[in-house]
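> Dropping in input-v4.cif, with mmCIF, N, CA and C atoms.
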```
data_start
loop_
_atom_site.label_atom_id
_atom_site.label_comp_id
_atom_site.auth_asym_id
_atom_site.auth_seq_id
_atom_site.Cartn_x
_atom_site.Cartn_y
_atom_site.Cartn_z
N MET R 207 4.67 -87.86 -28.94
CA MET R 207 4.34 -87.07 -27.77
C MET R 207 3.16 -86.19 -28.13
N ARG R 208 2.21 -86.14 -27.25
CA ARG R 208 1.10 -85.20 -27.39
C ARG R 208 1.40 -83.99 -26.52
N SER R 209 1.02 -82.81 -26.98
CA SER R 209 1.25 -81.61 -26.17
C SER R 209 0.25 -80.54 -26.55
N ASN R 210 0.11 -79.58 -25.67
CA ASN R 210 -0.77 -78.45 -25.93
C ASN R 210 0.05 -77.32 -26.56
N PRO R 211 -0.59 -76.24 -27.00
CA PRO R 211 0.15 -75.15 -27.67
C PRO R 211 1.29 -74.57 -26.83
N ARG R 212 1.09 -74.42 -25.54
CA ARG R 212 2.15 -73.85 -24.71
C ARG R 212 3.38 -74.76 -24.68
N MET R 213 3.14 -76.06 -24.53
CA MET R 213 4.27 -76.99 -24.51
C MET R 213 4.95 -77.04 -25.88
N ARG R 214 4.18 -76.99 -26.95
CA ARG R 214 4.79 -76.99 -28.28
C ARG R 214 5.70 -75.78 -28.46
N GLU R 215 5.31 -74.63 -27.92
CA GLU R 215 6.16 -73.44 -28.02
C GLU R 215 7.45 -73.63 -27.23
N ILE R 216 7.34 -74.21 -26.04
CA ILE R 216 8.54 -74.48 -25.24
C ILE R 216 9.45 -75.45 -25.96
N LEU R 217 8.87 -76.49 -26.54
CA LEU R 217 9.67 -77.49 -27.25
C LEU R 217 10.32 -76.92 -28.50
N ARG R 218 9.69 -75.95 -29.14
CA ARG R 218 10.30 -75.32 -30.32
C ARG R 218 11.57 -74.56 -29.96
N THR R 219 11.66 -74.08 -28.73
CA THR R 219 12.81 -73.26 -28.33
C THR R 219 13.79 -74.01 -27.42
N THR R 220 13.56 -75.29 -27.21
CA THR R 220 14.42 -76.09 -26.34
C THR R 220 14.99 -77.26 -27.13
N ASP R 221 16.29 -77.45 -27.07
CA ASP R 221 16.93 -78.57 -27.74
C ASP R 221 16.71 -79.84 -26.92
N VAL R 222 15.91 -80.73 -27.46
CA VAL R 222 15.63 -81.99 -26.76
C VAL R 222 16.19 -83.18 -27.53
N THR R 223 17.11 -82.90 -28.45
CA THR R 223 17.74 -83.99 -29.19
C THR R 223 18.81 -84.63 -28.32
N GLU R 224 19.07 -85.88 -28.59
CA GLU R 224 20.13 -86.63 -27.90
C GLU R 224 19.99 -86.61 -26.38
N LEU R 225 18.76 -86.78 -25.89
CA LEU R 225 18.56 -86.91 -24.44
C LEU R 225 19.26 -88.19 -23.98
N SER R 226 19.82 -88.14 -22.78
CA SER R 226 20.52 -89.31 -22.27
C SER R 226 20.42 -89.34 -20.75
N GLY R 227 21.05 -90.35 -20.16
CA GLY R 227 21.08 -90.48 -18.72
C GLY R 227 21.76 -89.29 -18.05
N ARG R 228 22.62 -88.58 -18.78
CA ARG R 228 23.29 -87.39 -18.22
C ARG R 228 22.29 -86.28 -17.91
N ASP R 229 21.11 -86.32 -18.53
CA ASP R 229 20.08 -85.31 -18.30
C ASP R 229 19.25 -85.63 -17.05
N ILE R 230 19.43 -86.80 -16.49
CA ILE R 230 18.64 -87.24 -15.34
C ILE R 230 19.46 -87.08 -14.07
N PRO R 231 18.93 -86.38 -13.05
CA PRO R 231 19.65 -86.28 -11.79
C PRO R 231 19.91 -87.67 -11.21
N PRO R 232 21.07 -87.87 -10.59
CA PRO R 232 21.43 -89.20 -10.07
C PRO R 232 20.36 -89.84 -9.19
N VAL R 233 19.69 -89.05 -8.38
CA VAL R 233 18.68 -89.63 -7.50
C VAL R 233 17.55 -90.28 -8.29
N PHE R 234 17.25 -89.75 -9.48
CA PHE R 234 16.18 -90.33 -10.30
C PHE R 234 16.67 -91.49 -11.15
N LEU R 235 17.99 -91.60 -11.34
CA LEU R 235 18.52 -92.75 -12.08
C LEU R 235 18.21 -94.05 -11.36
N GLU R 236 18.22 -94.00 -10.04
CA GLU R 236 17.90 -95.20 -9.27
C GLU R 236 16.47 -95.65 -9.58
N VAL R 237 15.56 -94.70 -9.73
CA VAL R 237 14.18 -95.03 -10.08
C VAL R 237 14.13 -95.67 -11.46
N VAL R 238 14.89 -95.12 -12.40
CA VAL R 238 14.94 -95.67 -13.75
C VAL R 238 15.44 -97.11 -13.70
N GLU R 239 16.47 -97.34 -12.92
CA GLU R 239 17.09 -98.66 -12.86
C GLU R 239 16.25 -99.68 -12.10
N ARG R 240 15.64 -99.28 -11.00
CA ARG R 240 14.92 -100.22 -10.14
C ARG R 240 13.41 -100.14 -10.27
N GLY R 241 12.90 -99.06 -10.80
CA GLY R 241 11.45 -98.88 -10.84
C GLY R 241 10.93 -98.48 -9.48
N TRP R 242 9.66 -98.18 -9.41
CA TRP R 242 9.08 -97.74 -8.13
C TRP R 242 8.73 -98.92 -7.24
N SER R 243 8.67 -100.12 -7.82
CA SER R 243 8.39 -101.33 -7.02
C SER R 243 7.10 -101.22 -6.24
N LEU R 244 6.04 -100.78 -6.87
CA LEU R 244 4.74 -100.70 -6.21
C LEU R 244 3.85 -101.84 -6.70
N PRO R 245 3.11 -102.46 -5.77
CA PRO R 245 2.16 -103.51 -6.19
C PRO R 245 1.01 -102.89 -6.97
N ALA R 246 0.34 -103.69 -7.77
CA ALA R 246 -0.77 -103.20 -8.59
C ALA R 246 -2.07 -103.10 -7.81
N GLY R 247 -2.28 -103.98 -6.83
CA GLY R 247 -3.54 -103.99 -6.08
C GLY R 247 -3.73 -102.71 -5.29
N PRO R 248 -4.91 -102.08 -5.40
CA PRO R 248 -5.13 -100.79 -4.74
C PRO R 248 -5.00 -100.83 -3.22
N ASP R 249 -5.37 -101.94 -2.59
CA ASP R 249 -5.27 -102.01 -1.13
C ASP R 249 -3.82 -101.96 -0.66
N GLU R 250 -2.91 -102.49 -1.46
CA GLU R 250 -1.49 -102.45 -1.12
C GLU R 250 -0.83 -101.21 -1.70
N ARG R 251 -1.22 -100.82 -2.90
CA ARG R 251 -0.57 -99.73 -3.63
C ARG R 251 -0.85 -98.36 -3.01
N THR R 252 -2.11 -98.11 -2.64
CA THR R 252 -2.51 -96.79 -2.17
C THR R 252 -1.70 -96.31 -0.96
N PRO R 253 -1.62 -97.09 0.12
CA PRO R 253 -0.87 -96.57 1.27
C PRO R 253 0.61 -96.37 0.97
N LEU R 254 1.22 -97.24 0.17
CA LEU R 254 2.63 -97.07 -0.17
C LEU R 254 2.85 -95.80 -0.99
N LEU R 255 1.98 -95.57 -1.97
CA LEU R 255 2.10 -94.40 -2.83
C LEU R 255 1.87 -93.11 -2.03
N VAL R 256 0.87 -93.12 -1.18
CA VAL R 256 0.58 -91.94 -0.36
C VAL R 256 1.74 -91.64 0.59
N ARG R 257 2.24 -92.66 1.27
CA ARG R 257 3.37 -92.45 2.19
C ARG R 257 4.59 -91.93 1.45
N ARG R 258 4.88 -92.49 0.28
CA ARG R 258 6.04 -92.05 -0.49
C ARG R 258 5.91 -90.59 -0.90
N CYS R 259 4.72 -90.22 -1.38
CA CYS R 259 4.49 -88.83 -1.80
C CYS R 259 4.61 -87.87 -0.62
N LEU R 260 3.97 -88.21 0.49
CA LEU R 260 3.98 -87.30 1.64
C LEU R 260 5.36 -87.19 2.27
N ALA R 261 6.10 -88.28 2.32
CA ALA R 261 7.46 -88.22 2.86
C ALA R 261 8.34 -87.33 1.97
N TYR R 262 8.18 -87.46 0.67
CA TYR R 262 8.94 -86.63 -0.27
C TYR R 262 8.58 -85.16 -0.10
N VAL R 263 7.29 -84.88 0.02
CA VAL R 263 6.82 -83.50 0.21
C VAL R 263 7.39 -82.91 1.50
N CYS R 264 7.31 -83.66 2.59
CA CYS R 264 7.82 -83.17 3.88
C CYS R 264 9.30 -82.82 3.77
N ALA R 265 10.08 -83.71 3.18
CA ALA R 265 11.52 -83.47 3.05
C ALA R 265 11.79 -82.25 2.18
N CYS R 266 11.07 -82.10 1.08
CA CYS R 266 11.29 -80.96 0.19
C CYS R 266 10.89 -79.64 0.83
N LEU R 267 9.78 -79.63 1.55
CA LEU R 267 9.35 -78.40 2.21
C LEU R 267 10.35 -77.97 3.28
N ARG R 268 10.85 -78.94 4.03
CA ARG R 268 11.86 -78.61 5.05
C ARG R 268 13.14 -78.10 4.40
N THR R 269 13.55 -78.71 3.31
CA THR R 269 14.77 -78.28 2.63
C THR R 269 14.58 -76.89 2.02
N ALA R 270 13.42 -76.60 1.49
CA ALA R 270 13.15 -75.26 0.93
C ALA R 270 13.32 -74.20 2.00
N GLN R 271 12.88 -74.51 3.20
CA GLN R 271 13.04 -73.56 4.30
C GLN R 271 14.50 -73.45 4.73
N GLU R 272 15.15 -74.60 4.91
CA GLU R 272 16.52 -74.61 5.41
C GLU R 272 17.51 -73.99 4.43
N GLN R 273 17.38 -74.30 3.16
CA GLN R 273 18.37 -73.86 2.18
C GLN R 273 18.04 -72.52 1.52
N PHE R 274 16.75 -72.22 1.38
CA PHE R 274 16.37 -71.02 0.64
C PHE R 274 15.55 -70.04 1.47
N GLY R 275 15.21 -70.41 2.70
CA GLY R 275 14.41 -69.54 3.54
C GLY R 275 12.97 -69.40 3.05
N ASP R 276 12.53 -70.29 2.20
CA ASP R 276 11.18 -70.21 1.64
C ASP R 276 10.21 -70.94 2.56
N THR R 277 9.39 -70.19 3.26
CA THR R 277 8.40 -70.78 4.17
C THR R 277 7.01 -70.75 3.56
N ARG R 278 6.88 -70.16 2.38
CA ARG R 278 5.55 -70.04 1.77
C ARG R 278 5.29 -71.09 0.69
N VAL R 279 6.32 -71.83 0.29
CA VAL R 279 6.13 -72.82 -0.77
C VAL R 279 5.06 -73.82 -0.35
N LYS R 280 4.27 -74.22 -1.30
CA LYS R 280 3.21 -75.20 -1.05
C LYS R 280 3.44 -76.41 -1.94
N ALA R 281 3.05 -77.56 -1.45
CA ALA R 281 3.12 -78.79 -2.22
C ALA R 281 1.70 -79.26 -2.49
N TYR R 282 1.50 -79.78 -3.67
CA TYR R 282 0.21 -80.35 -4.04
C TYR R 282 0.44 -81.81 -4.41
N VAL R 283 -0.27 -82.70 -3.75
CA VAL R 283 -0.21 -84.12 -4.05
C VAL R 283 -1.56 -84.51 -4.63
N SER R 284 -1.52 -85.10 -5.81
CA SER R 284 -2.77 -85.58 -6.40
C SER R 284 -2.65 -87.07 -6.69
N LEU R 285 -3.73 -87.77 -6.46
CA LEU R 285 -3.83 -89.20 -6.72
C LEU R 285 -5.02 -89.42 -7.63
N SER R 286 -4.79 -90.15 -8.70
CA SER R 286 -5.89 -90.46 -9.61
C SER R 286 -5.60 -91.78 -10.32
N PHE R 287 -6.61 -92.32 -10.92
CA PHE R 287 -6.44 -93.59 -11.62
C PHE R 287 -6.09 -93.33 -13.07
N ALA R 288 -5.08 -94.07 -13.55
CA ALA R 288 -4.64 -93.93 -14.94
C ALA R 288 -5.76 -94.36 -15.87
N ASP R 289 -5.85 -93.72 -17.00
CA ASP R 289 -6.87 -94.04 -18.00
C ASP R 289 -6.37 -95.18 -18.89
N THR R 290 -6.14 -96.33 -18.24
CA THR R 290 -5.66 -97.52 -18.93
C THR R 290 -6.52 -98.70 -18.51
N GLU R 291 -6.30 -99.84 -19.13
CA GLU R 291 -7.07 -101.03 -18.75
C GLU R 291 -6.85 -101.40 -17.29
N GLU R 292 -5.60 -101.25 -16.83
CA GLU R 292 -5.28 -101.61 -15.45
C GLU R 292 -5.82 -100.60 -14.45
N ALA R 293 -6.03 -99.36 -14.89
CA ALA R 293 -6.51 -98.27 -14.02
C ALA R 293 -5.71 -98.19 -12.73
N LEU R 294 -4.39 -98.21 -12.87
CA LEU R 294 -3.52 -98.12 -11.69
C LEU R 294 -3.60 -96.74 -11.06
N LEU R 295 -3.51 -96.70 -9.76
CA LEU R 295 -3.46 -95.44 -9.05
C LEU R 295 -2.12 -94.78 -9.33
N THR R 296 -2.15 -93.53 -9.73
CA THR R 296 -0.93 -92.77 -10.02
C THR R 296 -0.91 -91.53 -9.14
N SER R 297 0.27 -90.92 -9.05
CA SER R 297 0.38 -89.72 -8.22
C SER R 297 1.17 -88.65 -8.95
N ASN R 298 0.98 -87.44 -8.49
CA ASN R 298 1.71 -86.29 -9.02
C ASN R 298 2.00 -85.37 -7.84
N VAL R 299 3.22 -84.86 -7.78
CA VAL R 299 3.60 -83.89 -6.75
C VAL R 299 4.08 -82.64 -7.45
N THR R 300 3.53 -81.51 -7.06
CA THR R 300 3.89 -80.22 -7.64
C THR R 300 4.20 -79.25 -6.50
N PHE R 301 5.21 -78.43 -6.70
CA PHE R 301 5.57 -77.41 -5.72
C PHE R 301 5.44 -76.03 -6.36
N CYS R 302 4.95 -75.08 -5.60
CA CYS R 302 4.91 -73.70 -6.08
C CYS R 302 4.81 -72.76 -4.89
N THR R 303 5.29 -71.55 -5.10
CA THR R 303 5.20 -70.51 -4.08
C THR R 303 4.16 -69.51 -4.53
N PRO R 304 3.16 -69.24 -3.73
CA PRO R 304 2.13 -68.26 -4.11
C PRO R 304 2.76 -66.89 -4.35
N LEU R 305 2.37 -66.27 -5.44
CA LEU R 305 2.83 -64.93 -5.79
C LEU R 305 1.62 -64.01 -5.90
N PRO R 306 1.78 -62.73 -5.55
CA PRO R 306 0.64 -61.82 -5.49
C PRO R 306 -0.10 -61.63 -6.82
N ASP R 307 0.60 -61.61 -7.93
CA ASP R 307 -0.05 -61.33 -9.21
C ASP R 307 -0.26 -62.57 -10.07
N VAL R 308 -0.13 -63.75 -9.46
CA VAL R 308 -0.25 -64.99 -10.20
C VAL R 308 -1.41 -65.81 -9.63
N ARG R 309 -2.22 -66.34 -10.51
CA ARG R 309 -3.35 -67.18 -10.11
C ARG R 309 -2.84 -68.39 -9.33
N PRO R 310 -3.51 -68.79 -8.25
CA PRO R 310 -3.06 -69.95 -7.48
C PRO R 310 -3.03 -71.22 -8.33
N TYR R 311 -2.17 -72.14 -7.97
CA TYR R 311 -2.05 -73.40 -8.71
C TYR R 311 -3.40 -74.12 -8.76
N LEU R 312 -4.06 -74.23 -7.64
CA LEU R 312 -5.41 -74.80 -7.57
C LEU R 312 -6.30 -73.82 -6.82
N PRO R 313 -7.00 -72.95 -7.54
CA PRO R 313 -7.79 -71.93 -6.87
C PRO R 313 -8.91 -72.49 -5.99
N ASP R 314 -9.46 -73.65 -6.37
CA ASP R 314 -10.55 -74.22 -5.59
C ASP R 314 -10.32 -75.72 -5.42
N LEU R 315 -9.59 -76.07 -4.39
CA LEU R 315 -9.24 -77.46 -4.10
C LEU R 315 -10.48 -78.34 -4.02
N GLU R 316 -11.53 -77.82 -3.40
CA GLU R 316 -12.75 -78.61 -3.21
C GLU R 316 -13.48 -78.89 -4.52
N ALA R 317 -13.20 -78.13 -5.55
CA ALA R 317 -13.87 -78.31 -6.84
C ALA R 317 -13.26 -79.43 -7.67
N VAL R 318 -12.10 -79.92 -7.28
CA VAL R 318 -11.45 -81.01 -8.01
C VAL R 318 -12.19 -82.30 -7.69
N THR R 319 -12.75 -82.92 -8.73
CA THR R 319 -13.56 -84.12 -8.50
C THR R 319 -12.97 -85.37 -9.15
N ASP R 320 -11.99 -85.23 -10.02
CA ASP R 320 -11.45 -86.40 -10.71
C ASP R 320 -10.14 -86.90 -10.11
N ALA R 321 -9.77 -86.36 -8.95
CA ALA R 321 -8.55 -86.79 -8.27
C ALA R 321 -8.66 -86.46 -6.79
N ALA R 322 -7.89 -87.19 -6.01
CA ALA R 322 -7.74 -86.85 -4.59
C ALA R 322 -6.57 -85.88 -4.51
N VAL R 323 -6.77 -84.71 -3.90
CA VAL R 323 -5.74 -83.67 -3.90
C VAL R 323 -5.53 -83.15 -2.48
N ALA R 324 -4.27 -82.91 -2.15
CA ALA R 324 -3.92 -82.29 -0.87
C ALA R 324 -2.98 -81.12 -1.13
N GLU R 325 -3.20 -80.03 -0.43
CA GLU R 325 -2.28 -78.89 -0.44
C GLU R 325 -1.56 -78.91 0.90
N ILE R 326 -0.23 -78.92 0.87
CA ILE R 326 0.55 -79.08 2.08
C ILE R 326 1.55 -77.92 2.17
N SER R 327 1.61 -77.32 3.36
CA SER R 327 2.56 -76.23 3.58
C SER R 327 3.53 -76.65 4.68
N LEU R 328 4.53 -75.84 4.90
CA LEU R 328 5.51 -76.12 5.94
C LEU R 328 4.85 -76.27 7.31
N GLU R 329 3.77 -75.53 7.55
CA GLU R 329 3.06 -75.62 8.82
C GLU R 329 2.48 -77.00 9.07
N ASP R 330 2.28 -77.77 8.01
CA ASP R 330 1.70 -79.10 8.13
C ASP R 330 2.75 -80.17 8.41
N VAL R 331 4.01 -79.77 8.46
CA VAL R 331 5.11 -80.71 8.64
C VAL R 331 5.76 -80.46 9.99
N GLU R 332 5.96 -81.53 10.74
CA GLU R 332 6.63 -81.42 12.03
C GLU R 332 7.99 -82.09 11.93
N ASP R 333 8.98 -81.48 12.54
CA ASP R 333 10.30 -82.12 12.60
C ASP R 333 10.26 -83.26 13.59
N VAL R 334 11.04 -84.27 13.30
CA VAL R 334 11.20 -85.40 14.20
C VAL R 334 12.52 -85.20 14.93
N GLU R 335 12.62 -85.69 16.14
CA GLU R 335 13.82 -85.48 16.95
C GLU R 335 15.09 -85.88 16.23
N ASP R 336 15.09 -87.00 15.50
CA ASP R 336 16.28 -87.50 14.83
C ASP R 336 16.52 -86.74 13.53
N VAL R 337 17.28 -85.67 13.60
CA VAL R 337 17.52 -84.83 12.43
C VAL R 337 18.36 -85.57 11.41
N GLU R 338 19.26 -86.46 11.85
CA GLU R 338 20.09 -87.23 10.94
C GLU R 338 19.22 -88.07 10.00
N ASP R 339 18.11 -88.52 10.49
CA ASP R 339 17.20 -89.37 9.74
C ASP R 339 16.52 -88.60 8.62
N ARG R 340 16.44 -87.27 8.72
CA ARG R 340 15.77 -86.38 7.77
C ARG R 340 14.30 -86.74 7.62
N SER R 341 13.77 -87.41 8.62
CA SER R 341 12.36 -87.79 8.54
C SER R 341 11.49 -86.66 9.06
N ALA R 342 10.27 -86.68 8.67
CA ALA R 342 9.29 -85.72 9.13
C ALA R 342 7.95 -86.42 9.18
N ARG R 343 7.03 -85.80 9.82
CA ARG R 343 5.69 -86.39 9.84
C ARG R 343 4.67 -85.30 9.64
N MET R 344 3.54 -85.70 9.18
CA MET R 344 2.47 -84.75 8.95
C MET R 344 1.90 -84.33 10.29
N ASN R 345 1.55 -83.06 10.38
CA ASN R 345 0.89 -82.55 11.57
C ASN R 345 -0.50 -83.17 11.64
N PRO R 346 -0.89 -83.72 12.79
CA PRO R 346 -2.20 -84.35 12.88
C PRO R 346 -3.39 -83.41 12.65
N ARG R 347 -3.16 -82.11 12.72
CA ARG R 347 -4.28 -81.17 12.53
C ARG R 347 -4.40 -80.73 11.08
N LEU R 348 -4.49 -81.71 10.19
CA LEU R 348 -4.67 -81.39 8.78
C LEU R 348 -6.04 -80.76 8.59
N SER R 349 -6.05 -79.64 7.92
CA SER R 349 -7.32 -78.94 7.70
C SER R 349 -7.96 -79.43 6.42
N SER R 350 -9.24 -79.20 6.30
CA SER R 350 -9.95 -79.63 5.09
C SER R 350 -9.88 -78.57 4.03
#
```
Reformat the file's structure so that it appears as structure tokens.

Amino acid sequence: MRSNPRMREILRTTDVTELSGRDIPPVFLEVVERGWSLPAGPDERTPLLVRRCLAYVCACLRTAQEQFGDTRVKAYVSLSFADTEEALLTSNVTFCTPLPDVRPYLPDLEAVTDAAVAEISLEDVEDVEDVEDRSARMNPRLSS
């Protein structure tokens, strides 16, 4: 494992011996068992990956509001190509709540040039009539 000094400090104080499936939340075990099942071709892979990330973000933002009353949490979705021979498109989703004395997660979204990045807030998510479905959709008025 490669890590930076901050991660090495965390790892020095965290017992990571004997990791097992018990350390993985059940919802992620399905991913381990089945994989993400994404095609390699960018024309097929990109829309599936984007839809999966955005659907996950919408559900998490709605749940943060419903369960914790957090309406300020923001989600960041980034898409970039892996530095491998295949150069597969990969994604990352991060959640954080802006705090007054803490530097923003991405202070200048427009300055990011090595990935496609979106910042999404609860205001960007619309509820769908079928609440049982737990589906949501992005608000069409996405700002730049």
> One decimal, in Å: what's the spacing between CA of Pro231 in chain R and CA of Val299 in chain R?
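Value for the CA of Pro231 in chain R-CA of Val299 in chain R distance: 17.0 Å.
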> Name the residues that the PyMOL selection byres (((chain R and resi 312 and name CA) around 12) and name CA) pulls out of this structure, and write them as a list of chain:residue names.
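Applying the expression gives R:Lys280, R:Ala281, R:Tyr282, R:Val283, R:Ser284, R:Thr300, R:Phe301, R:Cys302, R:Thr303, R:Pro304, R:Val308, R:Arg309, R:Pro310, R:Tyr311, R:Pro313, R:Asp314, R:Leu315, R:Glu316, R:Ala317, R:Val318, R:Val323, R:Ala324, R:Glu325.
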> Fewer than 2 positions away in the same chain doesn't count, so skip those; otherwise give me all residues within 8 Å of range 266-277 of chain R, counting all atoms listed in the file, as a PyMOL selection string.
chain R and resi 260-264+279-281+303+326-329+331
> Figure out the distance between atom C of Glu250 in chain R and CA of Leu294 in chain R, please, to one decimal in Å.
10.8 Å
> Mind checking DSSP for chain R and telling me the strand (DSSP E) residues as a ChimeraX atom specification?
/R:280-287,295-302,322-327,331-333,342-344
> Could you write out, as an NGL selection string, all the residues of range 214-346 of chain R that DSSP marks as helix (DSSP H, G or I)?
:R and (214-218 or 227-229 or 232-240 or 248-274 or 315-317 or 328-330 or 337-339)
> Measure the distance from atom C of Ala321 in chain R to atom N of Ala246 in chain R in Å and round it to one decimal.
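Atom C of Ala321 in chain R sits 19.5 Å away from atom N of Ala246 in chain R.
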> Can you work out which one of R:Met207, R:Leu217, R:Leu235, R:Leu295 has the shortest atom-to-atom distance to Arg251 in chain R, counting only N, CA and C atoms?
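So, comparing all the options, the nearest one is R:Leu295.
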> Could you pull out every residue with an atom within 8 Å of (3.9, -90.8, -7.1), file coordinates, counting all atoms listed in the file, and send them as JSON, numbers by chain?
{"R": [254, 255, 256, 258, 259, 284, 285, 295, 296, 297, 298, 299]}
> Please produce a file of the residues just selected, as an mmCIF file, keeping the file's coordinate frame, where the atoms kept are N, CA and C atoms.

```cif
data_model
loop_
_atom_site.group_PDB
_atom_site.id
_atom_site.type_symbol
_atom_site.label_atom_id
_atom_site.label_comp_id
_atom_site.auth_asym_id
_atom_site.auth_seq_id
_atom_site.Cartn_x
_atom_site.Cartn_y
_atom_site.Cartn_z
ATOM 1 N N LEU R 254 1.220 -97.240 0.170
ATOM 2 C CA LEU R 254 2.630 -97.070 -0.170
ATOM 3 C C LEU R 254 2.850 -95.800 -0.990
ATOM 4 N N LEU R 255 1.980 -95.570 -1.970
ATOM 5 C CA LEU R 255 2.100 -94.400 -2.830
ATOM 6 C C LEU R 255 1.870 -93.110 -2.030
ATOM 7 N N VAL R 256 0.870 -93.120 -1.180
ATOM 8 C CA VAL R 256 0.580 -91.940 -0.360
ATOM 9 C C VAL R 256 1.740 -91.640 0.590
ATOM 10 N N ARG R 258 4.880 -92.490 0.280
ATOM 11 C CA ARG R 258 6.040 -92.050 -0.490
ATOM 12 C C ARG R 258 5.910 -90.590 -0.900
ATOM 13 N N CYS R 259 4.720 -90.220 -1.380
ATOM 14 C CA CYS R 259 4.490 -88.830 -1.800
ATOM 15 C C CYS R 259 4.610 -87.870 -0.620
ATOM 16 N N SER R 284 -1.520 -85.100 -5.810
ATOM 17 C CA SER R 284 -2.770 -85.580 -6.400
ATOM 18 C C SER R 284 -2.650 -87.070 -6.690
ATOM 19 N N LEU R 285 -3.730 -87.770 -6.460
ATOM 20 C CA LEU R 285 -3.830 -89.200 -6.720
ATOM 21 C C LEU R 285 -5.020 -89.420 -7.630
ATOM 22 N N LEU R 295 -3.510 -96.700 -9.760
ATOM 23 C CA LEU R 295 -3.460 -95.440 -9.050
ATOM 24 C C LEU R 295 -2.120 -94.780 -9.330
ATOM 25 N N THR R 296 -2.150 -93.530 -9.730
ATOM 26 C CA THR R 296 -0.930 -92.770 -10.020
ATOM 27 C C THR R 296 -0.910 -91.530 -9.140
ATOM 28 N N SER R 297 0.270 -90.920 -9.050
ATOM 29 C CA SER R 297 0.380 -89.720 -8.220
ATOM 30 C C SER R 297 1.170 -88.650 -8.950
ATOM 31 N N ASN R 298 0.980 -87.440 -8.490
ATOM 32 C CA ASN R 298 1.710 -86.290 -9.020
ATOM 33 C C ASN R 298 2.000 -85.370 -7.840
ATOM 34 N N VAL R 299 3.220 -84.860 -7.780
ATOM 35 C CA VAL R 299 3.600 -83.890 -6.750
ATOM 36 C C VAL R 299 4.080 -82.640 -7.450
#
```
> With distances taken over only C-alpha atoms, which residue among R:Ile216, R:Leu305, R:Pro248, R:Asn210 lies nearest Glu292 in chain R?
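Distance minimum relative to Glu292 in chain R lands on R:Pro248.
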